[in-house]
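Notes follow the structure.
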Amino acid sequence: MTPLDLSNMLSEKLDKTIRDIPDFPKPGIIFKDITPILSDPQLCEELCAAFVGYWKDKGIEGIAGVESRGFLFGPHLAMMLGVPFIPVRKAGKLPHKTISHSYDLEYGSAEIEMHIDAVSPGQKIMIHDDLLATGGSAGAASELIKKAGGEVLGFSFIIELGFLSGSEALKPYSSDIQSLVTY
């Protein structure tokens with residue numbers, strides 16, 4: 001079996017497992033719920049193996065996970081790749097001095113923060129989150145990495161909503177964008 005066959009099989013498994021929640025968080029939105037994936041340890045293992053297989057030889061020196069669902073697999077991926085995990089959180093949630101960035105979401109606006117000493121100048125960072133929609137959250141995390149002097153090496157997502165063109169919004173930071181399933 002080729003790596004492409006394995007990738008397609010994983011995408012199919014994820015597609016069958018991800019649950020659609022209509023009108024959440026507001027009317028007209030169909031929320032892609034990844035929590036059923038967490039009920040399947042074998043699928044979680046396959047998902048992590050796919051991420052690690054893709055990123056292991058790309059020179060990653062840290063993984064920035066975007067709150068909150070970027071925290072589900074981000075720390076585990078960092079551990080598996082032997083690099084630090086960098087939490088990117090909503091404003092006011094980190095205890096040490098922070099840098100922040102405000103941005104627009106597909107259904108509102110937000111501000112995220114990162115500890116001021118979380119990224120070293122020149123450090124190569126992969127940004128991880130569960131879902132790529134418009135690219136707002138990942139783009140904001142990229143701005144934090146840049147403010148700290150780091151380099152955005154790429155992005156990893158479980159889900160990409162291709163019709164929202166978020167990958168196009170992220171290409172100024174890096175064109176290396178991995179999504180396991182695209183809708």
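Order determines the names: the first chain of the structure tokens is A, the second B, and so forth; residues in each chain are numbered 1 upward, and ligands are numbered 1 upward as they are shown.
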#### Entry: Selection: 7 Å around Ile18 (chain A), only C-alpha atoms, excl. self and same-chain fewer than 5 positions, as a VMD selection string
chain A and resid 32 to 34 36 to 37
I'd like the contact shell of region 47-62 of chain A - 8 Å cut-off, only C-alpha atoms, skipping same-chain residues fewer than 4 positions apart - returned as a PDB file with C-alpha atoms, in the first residue's frame.
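Once everything was written out, this is result-v4.pdb:
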ATOM      1  CA  SER A   7      -3.644   8.893   3.532  1.00  0.00           C
ATOM      2  CA  LEU A  10      -7.302   7.802   7.004  1.00  0.00           C
ATOM      3  CA  LEU A  43      -7.893   6.363  15.032  1.00  0.00           C
ATOM      4  CA  PHE A  73      -3.134  16.552  19.722  1.00  0.00           C
ATOM      5  CA  HIS A  76       1.338  14.706  21.910  1.00  0.00           C
ATOM      6  CA  LEU A  77       2.744  15.555  18.464  1.00  0.00           C
ATOM      7  CA  ALA A  78       5.411  17.757  20.081  1.00  0.00           C
ATOM      8  CA  MET A  80       6.500  12.423  19.519  1.00  0.00           C
ATOM      9  CA  LEU A  81       8.690  14.808  17.482  1.00  0.00           C
ATOM     10  CA  VAL A  83      10.172  19.448  20.328  1.00  0.00           C
ATOM     11  CA  PRO A  84       8.602  21.967  22.724  1.00  0.00           C
ATOM     12  CA  PHE A  85       4.875  22.624  22.756  1.00  0.00           C
ATOM     13  CA  ILE A  86       3.879  26.296  22.714  1.00  0.00           C
ATOM     14  CA  GLN A 123      13.091  29.058  15.865  1.00  0.00           C
ATOM     15  CA  LYS A 124      11.162  27.059  13.247  1.00  0.00           C
ATOM     16  CA  ILE A 125       7.568  26.519  14.385  1.00  0.00           C
ATOM     17  CA  MET A 126       4.724  24.383  13.037  1.00  0.00           C
ATOM     18  CA  LEU A 153       7.567  26.405   9.000  1.00  0.00           C
ATOM     19  CA  SER A 156      -1.224  21.018  10.389  1.00  0.00           C
ATOM     20  CA  LEU A 180      -6.015  15.182   6.905  1.00  0.00           C
TER      21      LEU A 180
END
### Message
If you run DSSP on the backbone here, which positions in region 54-108 of chain A get strand (DSSP E or B)? Please write them as JSON, numbers by chain.
### Response
{"A": [62, 63, 64, 65, 66, 85, 86, 87, 88, 89, 90, 98, 99, 100, 101, 102, 103, 104, 105, 108]}
### Message
Excluding Thr182 (chain A) and its own-chain neighbours fewer than 4 positions away, which residues fall within 7 Å of it when counting only C-alpha atoms? Please give them as a ChimeraX atom specification.
### Response
/A:159-162
Output of the above residues as an mmCIF file, in the first residue's frame, restricted to all heavy atoms:
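selection16.cif, written as the output of this step:
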data_model
loop_
_atom_site.group_PDB
_atom_site.id
_atom_site.type_symbol
_atom_site.label_atom_id
_atom_site.label_comp_id
_atom_site.auth_asym_id
_atom_site.auth_seq_id
_atom_site.Cartn_x
_atom_site.Cartn_y
_atom_site.Cartn_z
ATOM 1 N N ILE A 159 -8.950 18.960 9.952
ATOM 2 C CA ILE A 159 -9.986 19.285 8.972
ATOM 3 C C ILE A 159 -9.660 20.601 8.278
ATOM 4 O O ILE A 159 -9.230 21.560 8.937
ATOM 5 C CB ILE A 159 -11.363 19.439 9.663
ATOM 6 C CG1 ILE A 159 -11.777 18.156 10.372
ATOM 7 C CG2 ILE A 159 -12.434 19.879 8.665
ATOM 8 C CD1 ILE A 159 -12.960 18.346 11.316
ATOM 9 N N GLU A 160 -9.927 20.649 6.976
ATOM 10 C CA GLU A 160 -9.883 21.907 6.241
ATOM 11 C C GLU A 160 -11.227 22.102 5.547
ATOM 12 O O GLU A 160 -11.711 21.194 4.870
ATOM 13 C CB GLU A 160 -8.768 21.899 5.196
ATOM 14 C CG GLU A 160 -8.693 23.181 4.399
ATOM 15 C CD GLU A 160 -7.534 23.243 3.428
ATOM 16 O OE1 GLU A 160 -6.641 22.379 3.498
ATOM 17 O OE2 GLU A 160 -7.529 24.166 2.597
ATOM 18 N N LEU A 161 -11.808 23.264 5.732
ATOM 19 C CA LEU A 161 -13.025 23.638 5.002
ATOM 20 C C LEU A 161 -12.564 24.382 3.755
ATOM 21 O O LEU A 161 -12.415 25.604 3.748
ATOM 22 C CB LEU A 161 -13.936 24.503 5.873
ATOM 23 C CG LEU A 161 -14.391 23.870 7.195
ATOM 24 C CD1 LEU A 161 -15.266 24.847 7.976
ATOM 25 C CD2 LEU A 161 -15.119 22.561 6.949
ATOM 26 N N GLY A 162 -12.283 23.628 2.687
ATOM 27 C CA GLY A 162 -11.672 24.171 1.486
ATOM 28 C C GLY A 162 -12.439 25.307 0.855
ATOM 29 O O GLY A 162 -11.846 26.240 0.293
#
### Message
I need the residues in region 2-182 of chain A that are alpha helix (DSSP H) according to DSSP; give them as number ranges by chain.
### Response
A: 3-17, 35-38, 41-55, 70-81, 136-147, 166-170
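Minimum atom-to-atom distances from A:Ala141, A:Ala118, A:Val66, A:Leu170 to His101 (chain A) were compared using only C-alpha atoms, and the lowest value belongs to A:Ala141.
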### Query
Quick one: residues within 10 Å of Tyr103 (chain A), only C-alpha atoms counted, chain neighbours fewer than 5 positions away excluded, as a list of chain:residue names?
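Non-adjacent residues within range: A:Gly108, A:Ser109, A:Ala110, A:Glu111, A:Ile112, A:Gly136, A:Ser137, A:Gly139, A:Ala140, A:Ala141.
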### Query
Within 9 Å of Glu168 (chain A), counting only C-alpha atoms, which residues qualify if same-chain residues fewer than 5 places away don't, as a list in words?
Thr134, Gly135 and Ser175 of chain A
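Relative to CA of Gly154 (chain A), CA of Ile116 (chain A) is found at 20.7 Å.
Between CA of Met9 (chain A) and CA of Phe24 (chain A) there is a distance of 28.3 Å.
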### Query
What does the distance between CA of Gly92 (chain A) and CA of Thr35 (chain A) come to in Å, to one decimal place?
25.8 Å
### Query
Which residues, written as a list in words, have at least one atom at most 6 Å from Ile158 (chain A), with only C-alpha atoms counted and residues fewer than 2 positions away on the same chain left out?
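Returned residues: Asp130, Leu131, Ser179 and Leu180 of chain A.
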Same residues, N, CA and C atoms, saved as a CSV table (one decimal), in the first residue's frame:
chain,number,residue,atom,x,y,z
A,130,ASP,N,-7.2,22.1,15.1
A,130,ASP,CA,-8.1,21.0,14.6
A,130,ASP,C,-8.7,21.3,13.3
A,131,LEU,N,-9.0,22.6,13.0
A,131,LEU,CA,-9.7,23.0,11.8
A,131,LEU,C,-9.2,24.2,11.2
A,179,SER,N,-3.5,19.0,5.8
A,179,SER,CA,-4.9,18.8,6.3
A,179,SER,C,-5.2,17.3,6.1
A,180,LEU,N,-5.7,16.6,7.1
A,180,LEU,CA,-6.0,15.2,6.9
A,180,LEU,C,-7.3,14.9,6.2
### Task
Select, from A:Gly82, A:Ile127, A:Leu144, A:Ile63, the residue with the minimum atom-to-atom distance to Ser102 (chain A), counting only C-alpha atoms.
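Selected residue with least distance to Ser102 (chain A): A:Leu144.
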### Task
Would you please work out which residue, of A:His128, A:Lys90, A:His115, A:Lys13, is nearest to Ala64 (chain A) when using only C-alpha atoms?
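Among the listed residues, A:His128 lies closest to Ala64 (chain A).
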### Summary
Counting only C-alpha atoms, the residue among A:Leu4, A:Asp129, A:Leu94, A:Ala138 that lies closest to Arg69 (chain A) is A:Asp129
### Task
Show which residues sit within 7 Å of Glu67 (chain A), as a PyMOL selection string. Count only C-alpha atoms, and ignore same-chain residues fewer than 4 positions away.
chain A and resi 71+88-90
Selection from above, N, CA, C and O atoms, as a compact mmCIF listing (two decimals), in the first residue's frame, can you write it?
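See out_28.txt below for the written result:
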# COMPACT_ATOMS: atom_id res chain seq x y z
N PHE A 71 -4.91 21.95 21.40
CA PHE A 71 -4.28 21.34 22.57
C PHE A 71 -4.57 19.84 22.67
O PHE A 71 -3.97 19.14 23.48
N VAL A 88 -0.87 28.64 22.52
CA VAL A 88 -1.39 29.92 22.05
C VAL A 88 -2.82 29.98 22.58
O VAL A 88 -3.66 29.19 22.18
N ARG A 89 -3.06 30.93 23.50
CA ARG A 89 -4.32 30.94 24.24
C ARG A 89 -5.11 32.21 24.05
O ARG A 89 -4.59 33.22 23.60
N LYS A 90 -6.38 32.13 24.44
CA LYS A 90 -7.23 33.31 24.46
C LYS A 90 -6.65 34.32 25.45
O LYS A 90 -6.00 33.93 26.43
